[in-house]
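> Coordinates in input_35.pdb, PDB, C-alpha atoms, are listed below.
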```
MODEL        1
ATOM      1  CA  MET J   1       0.000   0.000   0.000
ATOM      2  CA  VAL J   2       2.828   2.391   0.885
ATOM      3  CA  VAL J   3       4.681   1.515  -2.316
ATOM      4  CA  GLY J   4       1.557   2.285  -4.358
ATOM      5  CA  ASN J   5       1.207   5.686  -2.713
ATOM      6  CA  LEU J   6       4.850   6.474  -3.493
ATOM      7  CA  TYR J   7       4.281   5.716  -7.162
ATOM      8  CA  VAL J   8       1.234   7.990  -7.201
ATOM      9  CA  LEU J   9       3.174  10.821  -5.553
ATOM     10  CA  ARG J  10       6.025  10.449  -8.005
ATOM     11  CA  PHE J  11       3.601  10.551 -10.921
ATOM     12  CA  LEU J  12       1.921  13.689  -9.609
ATOM     13  CA  TYR J  13       5.282  15.321  -8.998
ATOM     14  CA  LEU J  14       6.447  14.581 -12.538
ATOM     15  CA  ALA J  15       3.165  15.869 -13.947
ATOM     16  CA  LEU J  16       3.604  19.075 -11.959
ATOM     17  CA  LEU J  17       7.139  19.522 -13.228
ATOM     18  CA  MET J  18       6.011  18.990 -16.805
ATOM     19  CA  ALA J  19       3.222  21.527 -16.385
ATOM     20  CA  MET J  20       5.630  24.049 -14.905
ATOM     21  CA  ALA J  21       8.142  23.465 -17.690
ATOM     22  CA  ALA J  22       5.474  23.981 -20.340
ATOM     23  CA  ALA J  23       4.189  27.214 -18.769
ATOM     24  CA  THR J  24       5.341  30.537 -20.198
ATOM     25  CA  GLN J  25       5.991  33.829 -18.451
ATOM     26  CA  PHE J  26       5.153  36.871 -20.541
ATOM     27  CA  ARG J  27       6.811  40.224 -19.818
ATOM     28  CA  VAL J  28       3.982  42.715 -20.303
ATOM     29  CA  GLY J  29       4.858  45.218 -22.999
ATOM     30  CA  GLY J  30       8.152  43.547 -23.817
ATOM     31  CA  LEU J  31      11.119  45.833 -23.288
ATOM     32  CA  LYS J  32       8.823  48.814 -22.766
ATOM     33  CA  GLY J  33       7.380  47.233 -19.615
ATOM     34  CA  TRP J  34       4.365  48.559 -17.718
ATOM     35  CA  THR J  35       4.077  52.281 -18.406
ATOM     36  CA  VAL J  36       1.997  54.903 -20.211
ATOM     37  CA  PRO J  37       2.120  54.161 -23.984
ATOM     38  CA  THR J  38       2.938  57.627 -25.273
ATOM     39  CA  ASP J  39       3.700  56.573 -28.845
ATOM     40  CA  ASP J  40       0.773  54.254 -29.554
ATOM     41  CA  PRO J  41      -2.478  54.368 -27.524
ATOM     42  CA  GLY J  42      -3.322  50.801 -28.573
ATOM     43  CA  PHE J  43       0.114  49.414 -27.700
ATOM     44  CA  TYR J  44      -1.007  46.976 -24.982
ATOM     45  CA  SER J  45      -3.964  45.762 -27.009
ATOM     46  CA  LYS J  46      -1.656  44.923 -29.921
ATOM     47  CA  TRP J  47       0.820  43.269 -27.561
ATOM     48  CA  ALA J  48      -1.894  41.025 -26.122
ATOM     49  CA  GLU J  49      -3.204  40.130 -29.580
ATOM     50  CA  GLY J  50       0.298  39.051 -30.623
ATOM     51  CA  ASN J  51       0.576  36.438 -27.848
ATOM     52  CA  ARG J  52      -1.273  33.281 -26.895
ATOM     53  CA  PHE J  53      -2.027  32.874 -23.204
ATOM     54  CA  GLN J  54      -2.841  29.492 -21.731
ATOM     55  CA  THR J  55      -3.753  28.214 -18.312
ATOM     56  CA  GLY J  56      -0.612  27.996 -16.172
ATOM     57  CA  ASP J  57       1.179  30.900 -17.844
ATOM     58  CA  SER J  58       2.023  34.092 -15.964
ATOM     59  CA  LEU J  59       2.413  37.813 -16.601
ATOM     60  CA  LEU J  60       5.418  39.833 -15.463
ATOM     61  CA  PHE J  61       4.742  43.533 -14.868
ATOM     62  CA  VAL J  62       7.936  45.594 -14.629
ATOM     63  CA  TYR J  63       7.543  49.236 -13.504
ATOM     64  CA  PRO J  64       9.272  51.711 -11.196
ATOM     65  CA  GLN J  65       8.406  50.838  -7.612
ATOM     66  CA  GLY J  66       6.710  53.685  -5.750
ATOM     67  CA  GLN J  67       5.757  55.473  -8.978
ATOM     68  CA  ASP J  68       3.288  53.048 -10.477
ATOM     69  CA  SER J  69       1.324  49.901  -9.631
ATOM     70  CA  VAL J  70      -0.845  47.157 -11.122
ATOM     71  CA  LEU J  71      -4.510  46.553 -10.320
ATOM     72  CA  HIS J  72      -6.400  43.418 -11.271
ATOM     73  CA  VAL J  73      -9.963  44.645 -11.788
ATOM     74  CA  SER J  74     -13.320  43.605 -13.197
ATOM     75  CA  GLN J  75     -14.487  44.471 -16.681
ATOM     76  CA  GLU J  76     -16.450  47.407 -15.320
ATOM     77  CA  GLY J  77     -13.431  48.689 -13.402
ATOM     78  CA  TYR J  78     -11.392  48.360 -16.576
ATOM     79  CA  ASN J  79     -13.901  50.310 -18.672
ATOM     80  CA  THR J  80     -14.206  53.135 -16.138
ATOM     81  CA  CYS J  81     -10.600  53.157 -14.833
ATOM     82  CA  ASN J  82     -11.981  52.620 -11.340
ATOM     83  CA  THR J  83      -9.045  52.191  -8.937
ATOM     84  CA  ALA J  84     -11.170  52.200  -5.773
ATOM     85  CA  ALA J  85     -12.153  48.504  -5.578
ATOM     86  CA  PRO J  86      -9.597  46.272  -7.322
ATOM     87  CA  ILE J  87      -9.662  42.477  -7.119
ATOM     88  CA  ASP J  88      -5.878  42.446  -6.504
ATOM     89  CA  ALA J  89      -3.374  45.283  -6.098
ATOM     90  CA  PHE J  90       0.400  45.106  -6.593
ATOM     91  CA  GLN J  91       3.071  47.776  -6.188
ATOM     92  CA  ASP J  92       6.358  45.908  -5.761
ATOM     93  CA  GLY J  93       7.744  46.973  -9.162
ATOM     94  CA  ASN J  94       8.228  43.385 -10.329
ATOM     95  CA  THR J  95       4.796  41.765 -10.207
ATOM     96  CA  VAL J  96       4.169  38.200 -11.367
ATOM     97  CA  PHE J  97       0.525  37.353 -11.923
ATOM     98  CA  ALA J  98      -0.412  33.689 -12.460
ATOM     99  CA  LEU J  99      -3.056  32.952 -15.069
ATOM    100  CA  ASN J 100      -4.619  30.027 -13.219
ATOM    101  CA  SER J 101      -7.941  29.907 -15.059
ATOM    102  CA  SER J 102      -9.313  30.495 -18.510
ATOM    103  CA  GLY J 103     -11.156  33.590 -19.604
ATOM    104  CA  PRO J 104     -10.434  37.331 -19.733
ATOM    105  CA  PHE J 105      -8.255  39.158 -17.196
ATOM    106  CA  TYR J 106      -8.367  42.952 -16.813
ATOM    107  CA  PHE J 107      -5.507  45.116 -15.531
ATOM    108  CA  ILE J 108      -5.101  48.857 -15.088
ATOM    109  CA  SER J 109      -2.523  51.160 -13.567
ATOM    110  CA  GLY J 110      -3.042  52.099  -9.918
ATOM    111  CA  ASN J 111      -2.642  55.694 -11.052
ATOM    112  CA  GLN J 112      -5.995  56.656 -12.529
ATOM    113  CA  GLU J 113      -4.456  59.296 -14.803
ATOM    114  CA  ASN J 114      -2.159  56.638 -16.261
ATOM    115  CA  CYS J 115      -5.151  54.360 -16.829
ATOM    116  CA  ILE J 116      -6.957  57.144 -18.676
ATOM    117  CA  LYS J 117      -3.841  57.466 -20.855
ATOM    118  CA  ASN J 118      -4.252  53.797 -21.923
ATOM    119  CA  GLU J 119      -2.015  52.090 -19.366
ATOM    120  CA  SER J 120      -4.402  49.161 -19.229
ATOM    121  CA  LEU J 121      -4.421  45.591 -20.455
ATOM    122  CA  VAL J 122      -6.839  42.769 -21.268
ATOM    123  CA  VAL J 123      -5.607  39.202 -21.826
ATOM    124  CA  VAL J 124      -7.759  36.230 -22.755
ATOM    125  CA  VAL J 125      -6.521  32.891 -21.400
ATOM    126  CA  LEU J 126      -7.274  29.712 -23.314
ATOM    127  CA  ALA J 127      -8.521  26.668 -21.481
ATOM    128  CA  GLU J 128      -6.086  23.903 -22.530
ATOM    129  CA  ARG J 129      -2.390  23.677 -23.164
ATOM    130  CA  ASN J 130      -2.786  21.381 -26.151
ATOM    131  CA  ASN J 131      -1.768  23.410 -29.174
ATOM    132  CA  ASN J 132      -4.455  21.906 -31.356
ATOM    133  CA  ALA J 133      -7.248  22.326 -28.822
ATOM    134  CA  SER J 134      -6.174  25.756 -27.578
ATOM    135  CA  ALA J 135      -6.027  27.456 -30.926
ATOM    136  CA  PRO J 136      -9.027  29.695 -31.552
ATOM    137  CA  SER J 137     -11.609  27.854 -33.567
ATOM    138  CA  LEU J 138     -11.718  29.062 -37.139
ATOM    139  CA  PRO J 139     -15.000  29.492 -38.971
ATOM    140  CA  PRO J 140     -15.994  26.346 -40.787
ATOM    141  CA  SER J 141     -14.827  26.123 -44.326
ATOM    142  CA  PRO J 142     -17.537  26.471 -46.925
ATOM    143  CA  SER J 143     -18.893  23.119 -47.799
ATOM    144  CA  VAL J 144     -17.576  21.909 -51.098
ATOM    145  CA  VAL J 145     -20.299  20.529 -53.294
ATOM    146  CA  SER J 146     -19.040  17.340 -54.794
ATOM    147  CA  PRO J 147     -19.693  17.082 -58.541
ATOM    148  CA  PRO J 148     -22.467  14.677 -59.534
ATOM    149  CA  PRO J 149     -21.261  11.231 -60.487
ATOM    150  CA  PRO J 150     -20.820  10.706 -64.215
ATOM    151  CA  PRO J 151     -23.845   9.139 -65.880
ATOM    152  CA  SER J 152     -23.609   5.416 -65.897
ATOM    153  CA  LEU J 153     -22.644   4.084 -69.278
ATOM    154  CA  ALA J 154     -25.476   2.157 -70.791
ATOM    155  CA  SER J 155     -24.605  -1.391 -71.560
ATOM    156  CA  PRO J 156     -23.765  -1.645 -75.243
ATOM    157  CA  PRO J 157     -26.407  -3.280 -77.391
ATOM    158  CA  PRO J 158     -25.810  -6.932 -78.077
ATOM    159  CA  MET J 159     -23.538  -7.456 -80.983
ATOM    160  CA  ALA J 160     -25.188  -8.484 -84.147
ATOM    161  CA  SER J 161     -24.810 -12.095 -85.014
ATOM    162  CA  LEU J 162     -21.751 -12.720 -87.061
ATOM    163  CA  ALA J 163     -23.617 -15.359 -89.115
ATOM    164  CA  PRO J 164     -24.307 -14.154 -92.671
ATOM    165  CA  PRO J 165     -27.881 -13.127 -93.320
ATOM    166  CA  PRO J 166     -30.079 -15.696 -95.029
ATOM    167  CA  PRO J 167     -30.263 -15.355 -98.768
ATOM    168  CA  SER J 168     -32.993 -13.171-100.085
ATOM    169  CA  GLN J 169     -36.081 -14.908-101.289
ATOM    170  CA  GLU J 170     -35.933 -12.862-104.465
ATOM    171  CA  SER J 171     -32.560 -14.308-105.462
ATOM    172  CA  SER J 172     -33.256 -17.312-107.653
ATOM    173  CA  VAL J 173     -31.068 -20.382-107.549
ATOM    174  CA  THR J 174     -29.971 -21.325-110.999
ATOM    175  CA  PRO J 175     -30.771 -25.000-111.434
ATOM    176  CA  THR J 176     -28.020 -27.242-112.506
ATOM    177  CA  THR J 177     -28.829 -28.779-115.845
ATOM    178  CA  SER J 178     -26.932 -31.630-117.233
ATOM    179  CA  PRO J 179     -25.514 -31.012-120.699
ATOM    180  CA  PRO J 180     -27.095 -32.794-123.642
ATOM    181  CA  ALA J 181     -25.795 -36.162-124.642
ATOM    182  CA  GLY J 182     -22.788 -36.046-126.799
ATOM    183  CA  ALA J 183     -21.909 -32.489-125.920
ATOM    184  CA  SER J 184     -18.420 -31.923-124.705
ATOM    185  CA  ILE J 185     -18.052 -30.477-121.274
ATOM    186  CA  SER J 186     -15.996 -27.348-121.373
ATOM    187  CA  PRO J 187     -14.187 -26.512-118.179
ATOM    188  CA  SER J 188     -15.248 -23.453-116.269
ATOM    189  CA  PRO J 189     -13.005 -20.441-116.827
ATOM    190  CA  ASN J 190     -12.491 -19.976-113.109
ATOM    191  CA  ARG J 191     -12.235 -23.534-111.894
ATOM    192  CA  ALA J 192      -9.911 -26.272-113.212
ATOM    193  CA  SER J 193     -11.464 -29.688-113.816
ATOM    194  CA  PRO J 194     -10.267 -32.662-111.826
ATOM    195  CA  LEU J 195      -8.919 -34.280-114.988
ATOM    196  CA  MET J 196      -6.750 -31.319-115.766
ATOM    197  CA  ALA J 197      -5.468 -31.302-112.222
ATOM    198  CA  MET J 198      -4.619 -34.954-112.480
ATOM    199  CA  SER J 199      -3.009 -34.432-115.846
ATOM    200  CA  PHE J 200      -0.610 -31.967-114.380
ATOM    201  CA  ARG J 201       0.234 -34.173-111.461
ATOM    202  CA  ALA J 202       0.317 -37.633-113.057
ATOM    203  CA  PRO J 203       3.375 -38.772-114.931
ATOM    204  CA  LEU J 204       3.362 -38.511-118.664
ATOM    205  CA  GLY J 205       3.020 -42.262-119.146
ATOM    206  CA  ALA J 206      -0.139 -42.511-117.040
ATOM    207  CA  LEU J 207      -1.689 -39.623-119.071
ATOM    208  CA  LEU J 208      -1.094 -41.415-122.353
ATOM    209  CA  GLY J 209      -2.551 -44.647-121.010
ATOM    210  CA  LEU J 210      -5.697 -42.826-119.860
ATOM    211  CA  ILE J 211      -6.201 -41.238-123.312
ATOM    212  CA  LEU J 212      -5.889 -44.619-125.073
ATOM    213  CA  TYR J 213      -8.368 -46.129-122.628
ATOM    214  CA  ILE J 214     -10.967 -43.447-123.312
ATOM    215  CA  LEU J 215     -10.617 -43.802-127.114
TER     216      LEU J 215
ENDMDL
END
```
Could you quickly redo this structure as structure tokens?


Amino acid sequence: MVVGNLYVLRFLYLALLMAMAAATQFRVGGLKGWTVPTDDPGFYSKWAEGNRFQTGDSLLFVYPQGQDSVLHVSQEGYNTCNTAAPIDAFQDGNTVFALNSSGPFYFISGNQENCIKNESLVVVVLAERNNNASAPSLPPSPSVVSPPPPPSLASPPPMASLAPPPPSQESSVTPTTSPPAGASISPSPNRASPLMAMSFRAPLGALLGLILYIL
């Protein structure tokens, strides 16, 4: 049981160290620090917009001690530069404010005249440290209408039969008539008779014997 508790404590300690290592401390105003922005009235607004604040980060306010201060106020106190009822007040000259929750945080100078001269700051803290989850959600992309599917190709008609068409009824078949008796059969001009074929193939002696036999 004791060993199990030690493992749990070690895990929590490592998780705490990792969270602390991942946290970022932002110096408010950069090198300018916490002062009246004489050159640009919107200086602190632009500085806040250029950074991403997440839970666990902190703000470092650097200002001359005894001459200025930092007040953590409500939104109403921020809008009216009300220094009478701050949520937190700091005047040590090197103030570190922990951003331990998500949402907006409002700060003004403890000197009301400085606040009126735009020495004030609003930071918005994101909820999670995951880069993907903490990024501000972008507007949804316009839905892309997918093109309609191409029309399905109709199955080709069945191929016509390769068999030749039947002969036309109008075409008459010439009857084969046998030649009259005694008439000599003349070979067709396009086709050679079997006798002529044999005569070319048979030896000369067989041809002569055949002629004598016929006579």

> With the PyMOL selection byres ((chain J and resi 94) around 7) as the selection, what would be picked from this file? Answer as a list in words, please.

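Selected by the PyMOL selection byres ((chain J and resi 94) around 7) here: Leu60, Phe61, Val62, Tyr63, Asp92, Gly93, Thr95 and Val96 of chain J.
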
> Excluding range 25-27 of chain J and residues on its chain fewer than 2 positions from it, collect all residues at most 12 Å away from it, counting all atoms listed in the file, and give them as a ChimeraX atom specification.

/J:20-23,29-34,44,47-48,50-63,94-99,123

> In terms of the shortest atom-to-atom distance over all atoms listed in the file, which of J:Gln67, J:Asn100, J:Asn79, J:Gln91 is closest to Val122 in chain J?

J:Asn79

> Find the residue from J:Asn114, J:Thr24, J:Gln65, J:Ser102 that sits nearest to Phe90 in chain J; use all atoms listed in the file when measuring.

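Among the listed residues, the smallest separation from Phe90 in chain J belongs to J:Gln65.
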
> For CA of Gly77 in chain J and CA of Val36 in chain J, determine how far apart the two atoms are, in Å to one decimal place.

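Calculated distance between CA of Gly77 in chain J and CA of Val36 in chain J is 18.0 Å.
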
> Could you tell me how far CA of Asp40 in chain J lies from CA of Lys117 in chain J, in Å and to one decimal?

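It comes out at 10.4 Å.
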
> For the structure shown, which residues end up in the PyMOL selection byres ((chain J and resi 74) around 12)? Put them as a VMD selection string, please?

chain J and resid 71 to 73 75 to 88 104 to 108 121 to 122

> Taking all atoms listed in the file into account, name the residue in J:Ile214, J:Asn111, J:Ser45, J:Asp39 that is nearest to Val70 in chain J.

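Once distances to Val70 in chain J are computed over all atoms listed in the file, the minimum belongs to J:Asn111.
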
> Fix up range 29-58 of chain J with N, CA and C atoms, then write it as a compact mmCIF listing (two decimals), in the frame of the given file.


```txt
# COMPACT_ATOMS: atom_id res chain seq x y z
N GLY J 29 4.30 44.10 -22.25
CA GLY J 29 4.86 45.22 -23.00
C GLY J 29 6.25 44.98 -23.55
N GLY J 30 6.80 43.80 -23.33
CA GLY J 30 8.15 43.55 -23.82
C GLY J 30 9.17 44.42 -23.11
N LEU J 31 10.08 44.99 -23.88
CA LEU J 31 11.12 45.83 -23.29
C LEU J 31 10.55 47.14 -22.73
N LYS J 32 9.42 47.57 -23.26
CA LYS J 32 8.82 48.81 -22.77
C LYS J 32 8.34 48.66 -21.33
N GLY J 33 7.87 47.45 -20.97
CA GLY J 33 7.38 47.23 -19.61
C GLY J 33 5.99 47.81 -19.40
N TRP J 34 5.68 48.05 -18.12
CA TRP J 34 4.36 48.56 -17.72
C TRP J 34 4.47 50.06 -17.49
N THR J 35 3.97 50.84 -18.47
CA THR J 35 4.08 52.28 -18.41
C THR J 35 3.02 52.91 -19.30
N VAL J 36 2.96 54.21 -19.34
CA VAL J 36 2.00 54.90 -20.21
C VAL J 36 2.50 54.81 -21.65
N PRO J 37 1.69 54.27 -22.58
CA PRO J 37 2.12 54.16 -23.98
C PRO J 37 1.97 55.50 -24.71
N THR J 38 3.02 56.28 -24.69
CA THR J 38 2.94 57.63 -25.27
C THR J 38 2.94 57.59 -26.81
N ASP J 39 3.58 56.60 -27.39
CA ASP J 39 3.70 56.57 -28.84
C ASP J 39 2.45 55.98 -29.53
N ASP J 40 1.90 54.96 -28.93
CA ASP J 40 0.77 54.25 -29.55
C ASP J 40 -0.29 53.98 -28.49
N PRO J 41 -1.45 54.61 -28.56
CA PRO J 41 -2.48 54.37 -27.52
C PRO J 41 -2.94 52.91 -27.46
N GLY J 42 -2.89 52.20 -28.57
CA GLY J 42 -3.32 50.80 -28.57
C GLY J 42 -2.17 49.82 -28.41
N PHE J 43 -1.08 50.26 -27.80
CA PHE J 43 0.11 49.41 -27.70
C PHE J 43 -0.16 48.11 -26.95
N TYR J 44 -0.79 48.19 -25.79
CA TYR J 44 -1.01 46.98 -24.98
C TYR J 44 -2.05 46.04 -25.61
N SER J 45 -3.00 46.62 -26.32
CA SER J 45 -3.96 45.76 -27.01
C SER J 45 -3.27 44.96 -28.11
N LYS J 46 -2.39 45.61 -28.87
CA LYS J 46 -1.66 44.92 -29.92
C LYS J 46 -0.70 43.89 -29.33
N TRP J 47 -0.09 44.23 -28.19
CA TRP J 47 0.82 43.27 -27.56
C TRP J 47 0.07 42.01 -27.13
N ALA J 48 -1.10 42.18 -26.55
CA ALA J 48 -1.89 41.02 -26.12
C ALA J 48 -2.36 40.19 -27.31
N GLU J 49 -2.74 40.86 -28.40
CA GLU J 49 -3.20 40.13 -29.58
C GLU J 49 -2.07 39.33 -30.23
N GLY J 50 -0.83 39.74 -30.02
CA GLY J 50 0.30 39.05 -30.62
C GLY J 50 0.80 37.87 -29.81
N ASN J 51 0.15 37.55 -28.69
CA ASN J 51 0.58 36.44 -27.85
C ASN J 51 -0.60 35.51 -27.59
N ARG J 52 -0.26 34.28 -27.24
CA ARG J 52 -1.27 33.28 -26.90
C ARG J 52 -1.09 32.90 -25.44
N PHE J 53 -2.09 33.13 -24.64
CA PHE J 53 -2.03 32.87 -23.20
C PHE J 53 -2.82 31.62 -22.88
N GLN J 54 -2.20 30.75 -22.10
CA GLN J 54 -2.84 29.49 -21.73
C GLN J 54 -2.81 29.33 -20.21
N THR J 55 -3.69 28.46 -19.75
CA THR J 55 -3.75 28.21 -18.31
C THR J 55 -2.40 27.72 -17.80
N GLY J 56 -1.91 28.34 -16.73
CA GLY J 56 -0.61 28.00 -16.17
C GLY J 56 0.46 29.00 -16.51
N ASP J 57 0.22 29.84 -17.52
CA ASP J 57 1.18 30.90 -17.84
C ASP J 57 1.11 32.01 -16.80
N SER J 58 2.01 32.97 -16.92
CA SER J 58 2.02 34.09 -15.96
C SER J 58 2.43 35.37 -16.68
```
